[in-house]
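As provided, target01.txt (compact mmCIF, C-alpha atoms) reads as follows.
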# COMPACT_ATOMS: atom_id res chain seq x y z
CA MET A 1 -7.17 -9.96 22.19
CA VAL A 2 -4.93 -11.93 19.86
CA LYS A 3 -2.01 -13.47 21.74
CA ALA A 4 1.46 -12.07 21.10
CA VAL A 5 3.74 -15.06 20.64
CA THR A 6 7.51 -14.92 21.31
CA ASP A 7 10.54 -16.73 19.87
CA ASN A 8 10.58 -18.97 22.96
CA GLU A 9 6.91 -19.93 22.71
CA PHE A 10 6.87 -20.37 18.93
CA GLU A 11 7.51 -24.13 18.89
CA GLN A 12 4.84 -24.88 21.46
CA ASP A 13 2.17 -22.42 20.29
CA VAL A 14 2.65 -22.69 16.53
CA LEU A 15 4.62 -25.75 15.41
CA ASN A 16 3.02 -28.14 17.94
CA SER A 17 -0.50 -26.70 17.68
CA ARG A 18 -3.27 -29.24 17.10
CA ILE A 19 -5.25 -26.76 15.01
CA PRO A 20 -4.00 -24.59 12.09
CA VAL A 21 -2.27 -21.33 13.07
CA LEU A 22 -2.13 -17.91 11.39
CA VAL A 23 0.78 -15.77 12.57
CA ASP A 24 0.90 -12.05 11.79
CA PHE A 25 4.51 -10.81 11.77
CA TRP A 26 4.45 -7.10 12.49
CA ALA A 27 6.24 -4.17 14.16
CA PRO A 28 5.02 -0.93 15.73
CA TRP A 29 6.84 1.28 13.19
CA CYS A 30 5.20 -0.36 10.16
CA GLY A 31 2.21 1.57 8.77
CA PRO A 32 0.63 -1.22 6.73
CA CYS A 33 0.98 -3.54 9.76
CA ARG A 34 -1.14 -1.17 11.81
CA ALA A 35 -3.79 -1.38 9.11
CA VAL A 36 -3.80 -5.18 9.28
CA GLY A 37 -3.95 -5.24 13.10
CA PRO A 38 -7.75 -4.83 13.47
CA VAL A 39 -8.33 -7.47 10.77
CA ILE A 40 -6.18 -9.95 12.69
CA GLU A 41 -8.15 -9.22 15.87
CA ASP A 42 -11.44 -9.89 14.04
CA LEU A 43 -10.14 -13.15 12.55
CA GLY A 44 -8.99 -14.27 16.00
CA THR A 45 -12.56 -13.96 17.27
CA GLU A 46 -14.23 -15.43 14.17
CA TYR A 47 -12.04 -18.54 13.99
CA GLU A 48 -11.72 -19.20 17.72
CA GLY A 49 -11.27 -22.94 18.31
CA ARG A 50 -10.77 -23.67 14.60
CA VAL A 51 -7.69 -21.62 13.68
CA ALA A 52 -5.32 -20.12 16.27
CA VAL A 53 -4.57 -16.50 15.30
CA LEU A 54 -1.36 -15.09 16.80
CA LYS A 55 0.86 -12.07 16.28
CA MET A 56 4.61 -11.74 16.59
CA ASN A 57 6.55 -8.50 17.01
CA VAL A 58 9.64 -8.94 14.77
CA ASP A 59 11.53 -6.24 16.68
CA ASP A 60 11.40 -8.24 19.91
CA ASN A 61 11.60 -11.69 18.23
CA PRO A 62 14.17 -11.63 15.43
CA ALA A 63 14.97 -15.37 15.49
CA THR A 64 11.65 -16.63 14.09
CA ALA A 65 11.47 -13.88 11.43
CA GLY A 66 14.99 -14.88 10.37
CA LYS A 67 14.16 -18.59 10.31
CA TYR A 68 11.26 -18.01 7.91
CA ASN A 69 13.32 -15.60 5.75
CA ILE A 70 10.91 -12.72 6.36
CA ARG A 71 12.16 -9.58 4.62
CA SER A 72 8.94 -7.58 4.52
CA ILE A 73 6.10 -6.87 6.90
CA PRO A 74 3.27 -7.34 7.35
CA THR A 75 3.79 -11.01 6.50
CA MET A 76 1.21 -13.56 7.55
CA ILE A 77 2.11 -17.25 7.61
CA LEU A 78 -0.45 -19.99 7.80
CA PHE A 79 0.79 -23.19 9.49
CA ARG A 80 -0.68 -26.67 9.76
CA ASP A 81 1.04 -29.51 11.64
CA GLY A 82 4.17 -27.38 11.98
CA GLN A 83 4.46 -26.85 8.21
CA VAL A 84 4.03 -23.62 6.24
CA VAL A 85 0.83 -23.83 4.17
CA ASP A 86 0.88 -20.30 2.78
CA GLN A 87 2.74 -17.04 3.20
CA ILE A 88 1.00 -13.73 2.48
CA VAL A 89 3.10 -10.58 2.13
CA GLY A 90 1.66 -7.07 2.42
CA ALA A 91 -1.59 -5.60 3.68
CA VAL A 92 -4.54 -7.58 2.34
CA SER A 93 -8.23 -7.31 3.12
CA LYS A 94 -10.09 -9.37 5.66
CA ASN A 95 -12.02 -11.10 2.87
CA ASN A 96 -8.79 -12.11 1.12
CA LEU A 97 -7.40 -13.59 4.33
CA LYS A 98 -10.65 -15.40 5.05
CA GLU A 99 -10.64 -16.93 1.57
CA ILE A 100 -7.08 -18.17 2.03
CA ILE A 101 -7.85 -19.65 5.46
CA GLU A 102 -11.07 -21.31 4.25
CA GLN A 103 -9.45 -22.78 1.13
CA LYS A 104 -6.07 -23.81 2.51
CA VAL A 105 -6.81 -25.18 5.97
CA LEU A 106 -10.57 -25.44 6.53
CA ALA A 107 -11.86 -26.89 3.24
CA GLU A 108 -11.94 -30.62 3.87
CA MET B 1 -28.24 -5.06 -2.95
CA LYS B 2 -26.91 -2.11 -1.00
CA ARG B 3 -27.91 1.34 -2.22
CA PHE B 4 -26.18 4.64 -1.50
CA GLU B 5 -26.47 8.18 -2.81
CA ALA B 6 -22.70 8.35 -3.28
CA ALA B 7 -19.88 5.84 -3.41
CA VAL B 8 -16.24 6.86 -2.95
CA ILE B 9 -13.66 4.36 -4.25
CA GLY B 10 -10.44 4.31 -2.22
CA ALA B 11 -9.76 5.58 1.30
CA GLY B 12 -6.53 7.48 0.83
CA PRO B 13 -6.44 11.21 1.65
CA ALA B 14 -8.60 12.16 -1.39
CA GLY B 15 -11.26 9.54 -0.65
CA ILE B 16 -11.35 10.24 3.08
CA VAL B 17 -11.81 13.99 2.53
CA ALA B 18 -14.44 13.41 -0.19
CA ALA B 19 -16.37 11.05 2.11
CA LEU B 20 -16.05 13.46 5.05
CA TYR B 21 -17.48 16.36 3.04
CA LEU B 22 -20.29 14.23 1.59
CA ALA B 23 -21.16 13.00 5.09
CA ARG B 24 -21.32 16.58 6.32
CA PHE B 25 -23.66 17.46 3.43
CA GLY B 26 -25.93 14.70 4.74
CA VAL B 27 -25.38 12.43 1.73
CA LYS B 28 -25.73 8.69 2.34
CA THR B 29 -22.21 7.62 1.42
CA ALA B 30 -20.21 4.40 1.10
CA LEU B 31 -16.43 4.68 1.34
CA LEU B 32 -14.98 1.59 -0.36
CA GLU B 33 -11.48 0.43 0.57
CA LYS B 34 -9.75 -2.80 -0.44
CA SER B 35 -7.47 -3.12 2.60
CA ALA B 36 -7.37 -0.35 5.21
CA PRO B 37 -7.81 3.45 5.24
CA GLY B 38 -4.71 5.54 4.61
CA GLY B 39 -3.62 4.76 1.07
CA LEU B 40 0.02 5.44 0.32
CA LEU B 41 0.31 7.30 3.65
CA LEU B 42 0.62 3.87 5.25
CA GLN B 43 3.85 3.33 3.35
CA THR B 44 5.26 6.79 3.91
CA PHE B 45 7.78 7.19 6.70
CA GLU B 46 7.69 10.89 7.44
CA VAL B 47 5.43 13.59 5.99
CA GLU B 48 7.20 16.95 6.20
CA ASN B 49 5.05 19.13 3.93
CA TYR B 50 1.47 18.71 5.17
CA PRO B 51 0.35 22.00 6.73
CA GLY B 52 -0.40 22.00 10.43
CA PHE B 53 2.41 19.61 11.33
CA PRO B 54 5.49 21.86 11.57
CA LYS B 55 7.59 19.09 13.09
CA GLY B 56 6.46 16.51 10.52
CA VAL B 57 4.18 13.57 11.10
CA LYS B 58 4.55 9.82 10.50
CA GLY B 59 2.49 8.64 7.52
CA TYR B 60 0.54 6.11 9.57
CA GLU B 61 -0.18 8.68 12.30
CA LEU B 62 -1.72 11.03 9.75
CA ALA B 63 -3.69 8.09 8.29
CA ASP B 64 -5.03 7.30 11.78
CA LEU B 65 -6.04 10.93 12.33
CA LEU B 66 -7.78 11.15 8.95
CA SER B 67 -9.80 7.97 9.50
CA GLU B 68 -10.66 8.99 13.07
CA HIS B 69 -12.29 12.09 11.57
CA LEU B 70 -14.82 9.87 9.75
CA GLN B 71 -16.11 8.05 12.79
CA SER B 72 -18.93 10.28 14.01
CA TYR B 73 -21.12 10.27 10.87
CA ALA B 74 -24.07 7.87 10.89
CA ASN B 75 -24.74 8.40 7.16
CA LEU B 76 -21.22 7.24 6.20
CA SER B 77 -20.31 3.54 5.88
CA LEU B 78 -16.77 2.24 5.43
CA VAL B 79 -17.03 -0.87 3.24
CA ILE B 80 -13.92 -3.08 3.09
CA GLY B 81 -13.73 -4.72 -0.31
CA GLY B 82 -12.10 -4.46 -3.70
CA VAL B 83 -13.99 -2.85 -6.60
CA THR B 84 -13.76 -4.95 -9.77
CA GLU B 85 -16.34 -3.28 -11.96
CA LEU B 86 -18.01 0.10 -12.45
CA ARG B 87 -20.74 0.65 -15.01
CA ARG B 88 -23.66 2.95 -15.71
CA GLU B 89 -27.10 1.32 -15.74
CA GLY B 90 -29.88 3.77 -16.51
CA LYS B 91 -29.81 6.50 -13.89
CA SER B 92 -27.64 4.49 -11.52
CA LEU B 93 -24.02 3.50 -11.27
CA MET B 94 -23.41 -0.14 -10.44
CA LEU B 95 -20.28 -1.31 -8.65
CA LYS B 96 -19.10 -4.83 -8.05
CA VAL B 97 -17.40 -5.00 -4.65
CA ASP B 98 -15.85 -8.37 -3.76
CA GLY B 99 -18.42 -10.02 -6.00
CA GLU B 100 -21.44 -8.17 -4.57
CA LEU B 101 -23.37 -5.44 -6.36
CA LEU B 102 -23.63 -1.98 -4.88
CA GLU B 103 -25.74 0.80 -6.39
CA ALA B 104 -24.96 4.52 -6.17
CA GLU B 105 -26.28 7.68 -7.79
CA CYS B 106 -22.79 9.11 -8.14
CA VAL B 107 -19.23 7.84 -7.73
CA ILE B 108 -16.00 9.60 -6.80
CA ILE B 109 -12.94 7.59 -7.93
CA CYS B 110 -10.00 8.03 -5.57
CA SER B 111 -8.17 4.76 -6.25
CA GLY B 112 -4.80 6.48 -6.41
CA VAL B 113 -1.55 5.10 -7.71
CA GLY B 114 0.63 2.08 -7.12
CA TYR B 115 4.41 1.77 -7.41
CA ARG B 116 5.70 1.23 -10.92
CA LYS B 117 7.53 -2.04 -11.42
CA LEU B 118 10.91 -2.64 -13.03
CA GLY B 119 9.36 -5.03 -15.54
CA LEU B 120 11.91 -7.82 -14.93
CA PRO B 121 11.36 -11.58 -14.71
CA GLY B 122 10.89 -12.82 -11.12
CA GLU B 123 9.70 -9.43 -9.86
CA ASP B 124 6.32 -10.60 -8.56
CA ARG B 125 7.85 -13.69 -6.95
CA LEU B 126 10.56 -11.69 -5.16
CA LEU B 127 8.30 -8.88 -3.95
CA GLY B 128 8.42 -9.03 -0.17
CA LYS B 129 11.39 -11.40 -0.38
CA GLY B 130 14.06 -8.80 -0.83
CA LEU B 131 12.28 -6.61 -3.35
CA SER B 132 10.39 -3.77 -1.67
CA HIS B 133 8.59 -0.47 -2.21
CA CYS B 134 8.58 0.49 1.49
CA ALA B 135 11.80 1.40 3.29
CA MET B 136 9.91 2.07 6.50
CA CYS B 137 8.36 -1.41 6.56
CA ASP B 138 11.25 -3.50 5.34
CA GLY B 139 14.48 -1.58 6.03
CA HIS B 140 14.71 -3.22 9.45
CA PHE B 141 15.44 -6.63 7.88
CA PHE B 142 18.58 -5.31 6.19
CA ARG B 143 20.21 -3.71 9.22
CA GLY B 144 24.00 -3.79 8.79
CA GLN B 145 23.69 -5.22 5.25
CA LYS B 146 24.29 -3.92 1.73
CA VAL B 147 21.16 -2.85 -0.20
CA GLY B 148 20.22 -1.21 -3.49
CA VAL B 149 17.73 1.58 -4.18
CA VAL B 150 16.46 2.31 -7.71
CA GLY B 151 15.24 5.78 -8.68
CA GLY B 152 16.21 9.44 -8.76
CA GLY B 153 13.13 11.34 -7.61
CA ASN B 154 12.02 12.61 -4.22
CA SER B 155 10.66 9.22 -3.09
CA ALA B 156 13.89 7.39 -3.95
CA LEU B 157 16.09 9.88 -2.14
CA GLU B 158 13.82 10.34 0.85
CA GLU B 159 13.58 6.58 1.39
CA SER B 160 17.35 6.24 0.81
CA LEU B 161 18.02 8.73 3.59
CA HIS B 162 15.93 6.66 5.97
CA LEU B 163 17.59 3.40 4.86
CA SER B 164 21.15 4.76 4.98
CA LYS B 165 20.84 5.13 8.75
CA MET B 166 20.46 1.37 9.23
CA VAL B 167 22.29 -0.39 6.39
CA SER B 168 26.06 -0.77 5.99
CA GLU B 169 26.16 0.36 2.38
CA LEU B 170 23.50 1.70 0.03
CA HIS B 171 23.86 1.65 -3.75
CA LEU B 172 21.65 4.34 -5.28
CA ILE B 173 20.94 3.27 -8.86
CA HIS B 174 19.78 5.92 -11.31
CA ARG B 175 19.59 5.79 -15.09
CA ARG B 176 20.67 9.41 -15.55
CA ASP B 177 23.74 11.33 -14.41
CA ALA B 178 21.83 13.65 -12.06
CA PHE B 179 18.87 13.28 -9.68
CA ARG B 180 15.58 15.05 -10.36
CA ALA B 181 14.75 15.13 -6.63
CA ALA B 182 14.62 18.41 -4.71
CA PRO B 183 18.11 19.88 -3.97
CA LEU B 184 17.34 19.52 -0.25
CA TYR B 185 17.31 15.72 -0.58
CA VAL B 186 20.26 15.57 -2.99
CA ASP B 187 22.45 17.52 -0.54
CA ARG B 188 21.41 15.28 2.34
CA ILE B 189 22.06 12.04 0.44
CA LYS B 190 25.49 13.20 -0.76
CA SER B 191 26.57 13.80 2.82
CA ALA B 192 25.23 10.46 4.09
CA GLY B 193 28.66 8.75 3.97
CA ASN B 194 27.61 5.19 3.13
CA VAL B 195 25.77 5.86 -0.14
CA VAL B 196 27.44 4.75 -3.40
CA MET B 197 26.09 6.62 -6.43
CA GLU B 198 25.46 4.33 -9.39
CA TYR B 199 24.71 6.94 -12.05
CA ASN B 200 23.86 5.99 -15.66
CA SER B 201 22.97 2.48 -14.52
CA VAL B 202 19.91 0.25 -14.73
CA VAL B 203 18.96 -3.09 -13.18
CA THR B 204 18.69 -5.73 -15.91
CA ALA B 205 18.18 -8.93 -13.87
CA LEU B 206 17.09 -10.10 -10.43
CA HIS B 207 18.73 -13.21 -8.99
CA GLY B 208 17.44 -15.62 -6.33
CA ASP B 209 14.71 -18.22 -5.95
CA ASP B 210 13.26 -18.03 -2.42
CA GLY B 211 14.68 -14.58 -1.85
CA LEU B 212 16.73 -11.95 -3.64
CA GLU B 213 20.46 -12.81 -3.72
CA GLY B 214 21.72 -10.16 -6.10
CA ILE B 215 21.08 -8.01 -9.16
CA THR B 216 22.72 -7.37 -12.51
CA LEU B 217 23.58 -3.73 -13.13
CA LYS B 218 24.12 -2.43 -16.65
CA ARG B 219 26.27 0.67 -17.18
CA LEU B 220 24.51 2.71 -19.86
CA THR B 221 27.64 4.59 -20.92
CA THR B 222 29.77 1.49 -21.62
CA GLY B 223 27.17 -1.27 -21.98
CA GLU B 224 29.05 -3.37 -19.41
CA GLU B 225 27.15 -5.53 -16.93
CA GLU B 226 28.15 -6.47 -13.41
CA PHE B 227 26.70 -8.48 -10.52
CA LEU B 228 25.88 -6.67 -7.29
CA PRO B 229 25.24 -8.96 -4.32
CA VAL B 230 22.34 -7.35 -2.44
CA ARG B 231 19.57 -9.15 -0.50
CA GLY B 232 17.43 -6.03 -0.49
CA LEU B 233 16.38 -3.85 -3.44
CA PHE B 234 14.05 -0.91 -2.91
CA VAL B 235 12.34 0.36 -6.06
CA PHE B 236 11.00 3.93 -6.39
CA ILE B 237 10.72 4.65 -10.12
CA GLY B 238 7.39 6.40 -10.12
CA PHE B 239 3.76 5.50 -9.98
CA GLU B 240 1.04 4.18 -12.20
CA PRO B 241 -2.73 4.62 -11.85
CA VAL B 242 -4.81 1.92 -10.10
CA VAL B 243 -7.70 1.45 -12.52
CA PRO B 244 -8.50 -2.23 -13.13
CA PHE B 245 -12.24 -1.61 -12.67
CA LEU B 246 -12.67 1.42 -14.91
CA PRO B 247 -15.12 1.39 -17.82
CA GLU B 248 -13.38 1.74 -21.18
CA GLU B 249 -15.34 4.82 -22.16
CA ILE B 250 -13.98 7.01 -19.36
CA GLY B 251 -11.57 9.67 -20.64
CA ARG B 252 -7.95 9.13 -19.64
CA ASP B 253 -4.65 10.75 -20.58
CA ASP B 254 -1.80 8.94 -22.36
CA ARG B 255 -0.44 7.65 -19.03
CA GLY B 256 -3.81 6.27 -17.96
CA PHE B 257 -4.83 8.96 -15.47
CA ILE B 258 -8.48 10.09 -15.44
CA ILE B 259 -9.17 13.41 -17.15
CA THR B 260 -11.54 15.73 -15.26
CA ASP B 261 -12.63 19.35 -15.43
CA ALA B 262 -11.90 21.83 -12.62
CA GLU B 263 -14.86 20.44 -10.65
CA MET B 264 -13.45 16.91 -10.81
CA ARG B 265 -16.10 15.71 -13.27
CA ALA B 266 -14.98 12.79 -15.44
CA SER B 267 -16.39 12.05 -18.90
CA ILE B 268 -19.21 9.81 -17.60
CA PRO B 269 -22.21 11.58 -15.98
CA GLY B 270 -22.20 11.14 -12.21
CA VAL B 271 -18.57 10.00 -12.13
CA PHE B 272 -15.93 12.20 -10.51
CA ALA B 273 -12.24 11.62 -9.83
CA ALA B 274 -9.99 13.05 -7.11
CA GLY B 275 -6.44 12.68 -5.87
CA ASP B 276 -3.48 10.93 -7.48
CA ILE B 277 -5.65 9.02 -9.99
CA ARG B 278 -6.54 12.29 -11.70
CA SER B 279 -4.55 13.70 -14.62
CA LYS B 280 -2.78 16.68 -13.04
CA LEU B 281 0.53 18.36 -12.30
CA CYS B 282 1.02 17.92 -8.57
CA ARG B 283 0.40 14.71 -6.61
CA GLN B 284 0.63 15.56 -2.93
CA ILE B 285 -1.45 14.80 0.18
CA VAL B 286 -2.58 18.41 0.31
CA THR B 287 -3.72 18.43 -3.34
CA ALA B 288 -5.48 15.08 -2.85
CA ALA B 289 -7.38 16.57 0.08
CA GLY B 290 -8.30 19.63 -2.00
CA ASP B 291 -9.50 17.45 -4.90
CA GLY B 292 -11.59 15.41 -2.48
CA ALA B 293 -13.37 18.47 -1.10
CA THR B 294 -14.05 19.88 -4.59
CA ALA B 295 -15.33 16.53 -5.87
CA ALA B 296 -17.68 16.21 -2.88
CA HIS B 297 -19.11 19.69 -3.55
CA ALA B 298 -19.61 18.88 -7.23
CA ALA B 299 -21.15 15.48 -6.44
CA ASN B 300 -23.50 17.05 -3.91
CA SER B 301 -24.65 19.61 -6.51
CA TYR B 302 -25.14 16.77 -9.00
CA LEU B 303 -27.44 15.01 -6.51
CA GLU B 304 -29.31 18.20 -5.56
CA GLN B 305 -29.88 19.22 -9.18
CA GLY B 306 -31.36 15.89 -10.17
CA HIS B 307 -28.27 14.43 -11.82
CA ALA B 308 -27.35 17.37 -14.08
CA HIS B 309 -23.67 16.74 -14.92

If you took the structure in this file and wrote it as structure tokens, what would it be?
Amino acid sequence: MVKAVTDNEFEQDVLNSRIPVLVDFWAPWCGPCRAVGPVIEDLGTEYEGRVAVLKMNVDDNPATAGKYNIRSIPTMILFRDGQVVDQIVGAVSKNNLKEIIEQKVLAE
Amino acid sequence: MKRFEAAVIGAGPAGIVAALYLARFGVKTALLEKSAPGGLLLQTFEVENYPGFPKGVKGYELADLLSEHLQSYANLSLVIGGVTELRREGKSLMLKVDGELLEAECVIICSGVGYRKLGLPGEDRLLGKGLSHCAMCDGHFFRGQKVGVVGGGNSALEESLHLSKMVSELHLIHRRDAFRAAPLYVDRIKSAGNVVMEYNSVVTALHGDDGLEGITLKRLTTGEEEFLPVRGLFVFIGFEPVVPFLPEEIGRDDRGFIITDAEMRASIPGVFAAGDIRSKLCRQIVTAAGDGATAAHAANSYLEQGHAH
């Protein structure tokens, strides 16, 4: 199971992470988010130890969504060393997400 | 290379029903979907006109139920990937799916429609950063704020009703002086209280770099322009067909929709089309489902009769 991160844990789990982090910003009432959910779970398993995959419920954690100016969900943000590397808006396929992860944070 | 008897492109209601019927006929079928099953249902808040749900059903709940229906068929594979090419090669149809070739004896195209864009500079950059086609997904971020909605059809008014319950003020922008939406929606929107009607008006510019900060509205009767400070703009001005992979020789109408006969046969042997992508009068979930069933029957006959189109 992908960990659900909260506003309070965001700094520790995301910004201070030693490995890159993908955060899926979602909410239970968002149809396209529900479609992305299983993809996020799969990525969490596939990249275990290399990329931390987390999800954040924007209903319960409005502060972080506000900080990153999120105005649409699903939004997925890829972080490295506390910095935003890429921001993906809308439901995309698992292959698209894998390509972005491989190119932006794993290709070195 | 993967080989199937039938390939269905797009897992919205038309594609899901087509795949379900093919699976029940015993046809080895691939259902190809670029993101996740459900199609536009995933962006629809409430479905009030699908039979069997007298109290209405959330779009994503119906999508879940439809895809659950596919799960018990061993001869049906859901393939997640985007189709970029479709061509006939001898007796087979070849598809390129995320760069890999897939072969099928027949294809049912159910790729549906996408939201039409305004055609303004900055639109792609601001999509998801204030510009939206999904009130259900994004309305939450504009709670207590002022937003705009563009359009005058059922989608625009239905989504406006949903949005008006959470925003402080909603400007409903329509290029004509009357809505073409069903009277039921027009009556509801007029009694909403916080909806400002911007008749005879169009959006001529989007402002903002990292996010939408406002729009320019042009009054068609006077030609005057004014700035409207909104951080959210929801656009529902119709749909256009999703067809980037289609071969040029397939027959389409002047708006780009695929022309079929009553049995959903397109102009290329072995190729069928169903749902919103098809040239037709009525684009509803129930008609998509009907198209899907008909196309599956026709495709099954095509396979049984040795590819007689």

Closest of A:Ile73, A:Leu78, A:Ile88, A:Ile100 to Trp29 in chain A - atom-to-atom distances counting all atoms listed in the file: A:Ile73

Given all atoms listed in the file as the counted atoms, nearest of A:Val53, A:Ala63, A:Leu106, A:Val5 to Val39 in chain A: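 Answer, going by the shortest atom-to-atom distance: A:Val53.
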
Using all atoms listed in the file, determine which residues of chain A fall within 8 Å of chain B; present them as a PyMOL selection string. chain A and resi 29-32+34-36+69-74+89-95

Using C-alpha atoms, can you export the residues from the last selection as a PDB file, keeping the file's coordinate frame?
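Final file, part28.pdb:
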ATOM      1  CA  TRP A  29       6.840   1.280  13.190  1.00  0.00           C
ATOM      2  CA  CYS A  30       5.200  -0.360  10.160  1.00  0.00           C
ATOM      3  CA  GLY A  31       2.210   1.570   8.770  1.00  0.00           C
ATOM      4  CA  PRO A  32       0.630  -1.220   6.730  1.00  0.00           C
ATOM      5  CA  ARG A  34      -1.140  -1.170  11.810  1.00  0.00           C
ATOM      6  CA  ALA A  35      -3.790  -1.380   9.110  1.00  0.00           C
ATOM      7  CA  VAL A  36      -3.800  -5.180   9.280  1.00  0.00           C
ATOM      8  CA  ASN A  69      13.320 -15.600   5.750  1.00  0.00           C
ATOM      9  CA  ILE A  70      10.910 -12.720   6.360  1.00  0.00           C
ATOM     10  CA  ARG A  71      12.160  -9.580   4.620  1.00  0.00           C
ATOM     11  CA  SER A  72       8.940  -7.580   4.520  1.00  0.00           C
ATOM     12  CA  ILE A  73       6.100  -6.870   6.900  1.00  0.00           C
ATOM     13  CA  PRO A  74       3.270  -7.340   7.350  1.00  0.00           C
ATOM     14  CA  VAL A  89       3.100 -10.580   2.130  1.00  0.00           C
ATOM     15  CA  GLY A  90       1.660  -7.070   2.420  1.00  0.00           C
ATOM     16  CA  ALA A  91      -1.590  -5.600   3.680  1.00  0.00           C
ATOM     17  CA  VAL A  92      -4.540  -7.580   2.340  1.00  0.00           C
ATOM     18  CA  SER A  93      -8.230  -7.310   3.120  1.00  0.00           C
ATOM     19  CA  LYS A  94     -10.090  -9.370   5.660  1.00  0.00           C
ATOM     20  CA  ASN A  95     -12.020 -11.100   2.870  1.00  0.00           C
TER      21      ASN A  95
END

A:Val14, A:Ile40, A:Ala27, A:Met76 ranked by distance to Pro62 in chain A, top pick (using all atoms listed in the file):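 Using all atoms listed in the file, the shortest distance to Pro62 in chain A belongs to A:Ala27.
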
d(CA of Gln83 in chain A, CA of Leu15 in chain A) in Å: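 Separating CA of Gln83 in chain A from CA of Leu15 in chain A is a distance of 7.3 Å.
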
Quick one: distance from CA of Thr221 in chain B to CA of Phe179 in chain B in Å, one decimal? 16.7 Å

Which distance in Å separates CA of Glu85 in chain B and CA of Gly114 in chain B, to one decimal? 18.4 Å

If we count all atoms listed in the file and set the cut-off at 8 Å, which residues sit around range 6-11 of chain A, ignoring sequence neighbours fewer than 5 positions away in its own chain? Please answer as a VMD selection string. chain A and resid 16 56 to 57 60 to 64

Pick from A:Ser17, A:Gly44, A:Lys104, A:Leu22 nearest to Ile77 in chain A, counting only C-alpha atoms: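 Closest candidate: A:Leu22.
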
Taking into account all atoms listed in the file, which residue in the set B:Val97, B:Ala262, B:Ile109, B:Val57 is nearest to Asp276 in chain B?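 Of the candidates, the smallest distance to Asp276 in chain B is held by B:Ile109.
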
Do a neighbour search on range 280-290 of chain B at 12 Å with all atoms listed in the file, toss out local chain neighbours closer than 4 positions, and write the hits as a ChimeraX atom specification. /B:10-21,38-41,44,47-52,59,62-63,66,109-113,154-155,238-241,252-253,255-264,273-276,294-297

Restricting to all atoms listed in the file, whichever of A:Asp13, A:Asp24, A:Ile19, A:Glu48 is closest to Gln87 in chain A is A:Asp24

Residues within 8 Å of Lys2 in chain B, please, as a PDB file with C-alpha atoms, in the frame of the given file. Count only C-alpha atoms; anything in the same chain fewer than 4 positions from it doesn't count.
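In the end it all went to result_32.pdb:
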ATOM      1  CA  LEU B 101     -23.370  -5.440  -6.360  1.00  0.00           C
ATOM      2  CA  LEU B 102     -23.630  -1.980  -4.880  1.00  0.00           C
ATOM      3  CA  GLU B 103     -25.740   0.800  -6.390  1.00  0.00           C
TER       4      GLU B 103
END

Model the absent atoms of range 30-38 of chain A so that N, CA, C and O atoms are present, and write the result as a short mmCIF file (atom, residue, chain, number, x, y, z; two decimals), in the coordinates of the input.
data_model
loop_
_atom_site.label_atom_id
_atom_site.label_comp_id
_atom_site.auth_asym_id
_atom_site.auth_seq_id
_atom_site.Cartn_x
_atom_site.Cartn_y
_atom_site.Cartn_z
N CYS A 30 5.61 0.00 11.52
CA CYS A 30 5.20 -0.36 10.16
C CYS A 30 3.75 0.05 9.92
O CYS A 30 2.83 -0.50 10.52
N GLY A 31 3.55 1.04 9.05
CA GLY A 31 2.21 1.57 8.77
C GLY A 31 1.23 0.52 8.29
O GLY A 31 0.15 0.35 8.88
N PRO A 32 1.57 -0.20 7.23
CA PRO A 32 0.63 -1.22 6.73
C PRO A 32 0.30 -2.29 7.78
O PRO A 32 -0.80 -2.84 7.78
N CYS A 33 1.25 -2.55 8.70
CA CYS A 33 0.98 -3.54 9.76
C CYS A 33 -0.13 -3.04 10.68
O CYS A 33 -0.97 -3.81 11.14
N ARG A 34 -0.11 -1.75 10.94
CA ARG A 34 -1.14 -1.17 11.81
C ARG A 34 -2.51 -1.29 11.17
O ARG A 34 -3.52 -1.43 11.84
N ALA A 35 -2.51 -1.23 9.82
CA ALA A 35 -3.79 -1.38 9.11
C ALA A 35 -4.32 -2.80 9.23
O ALA A 35 -5.52 -3.02 9.31
N VAL A 36 -3.40 -3.77 9.24
CA VAL A 36 -3.80 -5.18 9.28
C VAL A 36 -4.23 -5.58 10.70
O VAL A 36 -5.04 -6.49 10.87
N GLY A 37 -3.70 -4.88 11.70
CA GLY A 37 -3.95 -5.24 13.10
C GLY A 37 -5.41 -5.52 13.44
O GLY A 37 -5.73 -6.60 13.95
N PRO A 38 -6.34 -4.60 13.13
CA PRO A 38 -7.75 -4.83 13.47
C PRO A 38 -8.33 -6.06 12.76
O PRO A 38 -9.19 -6.75 13.31
#
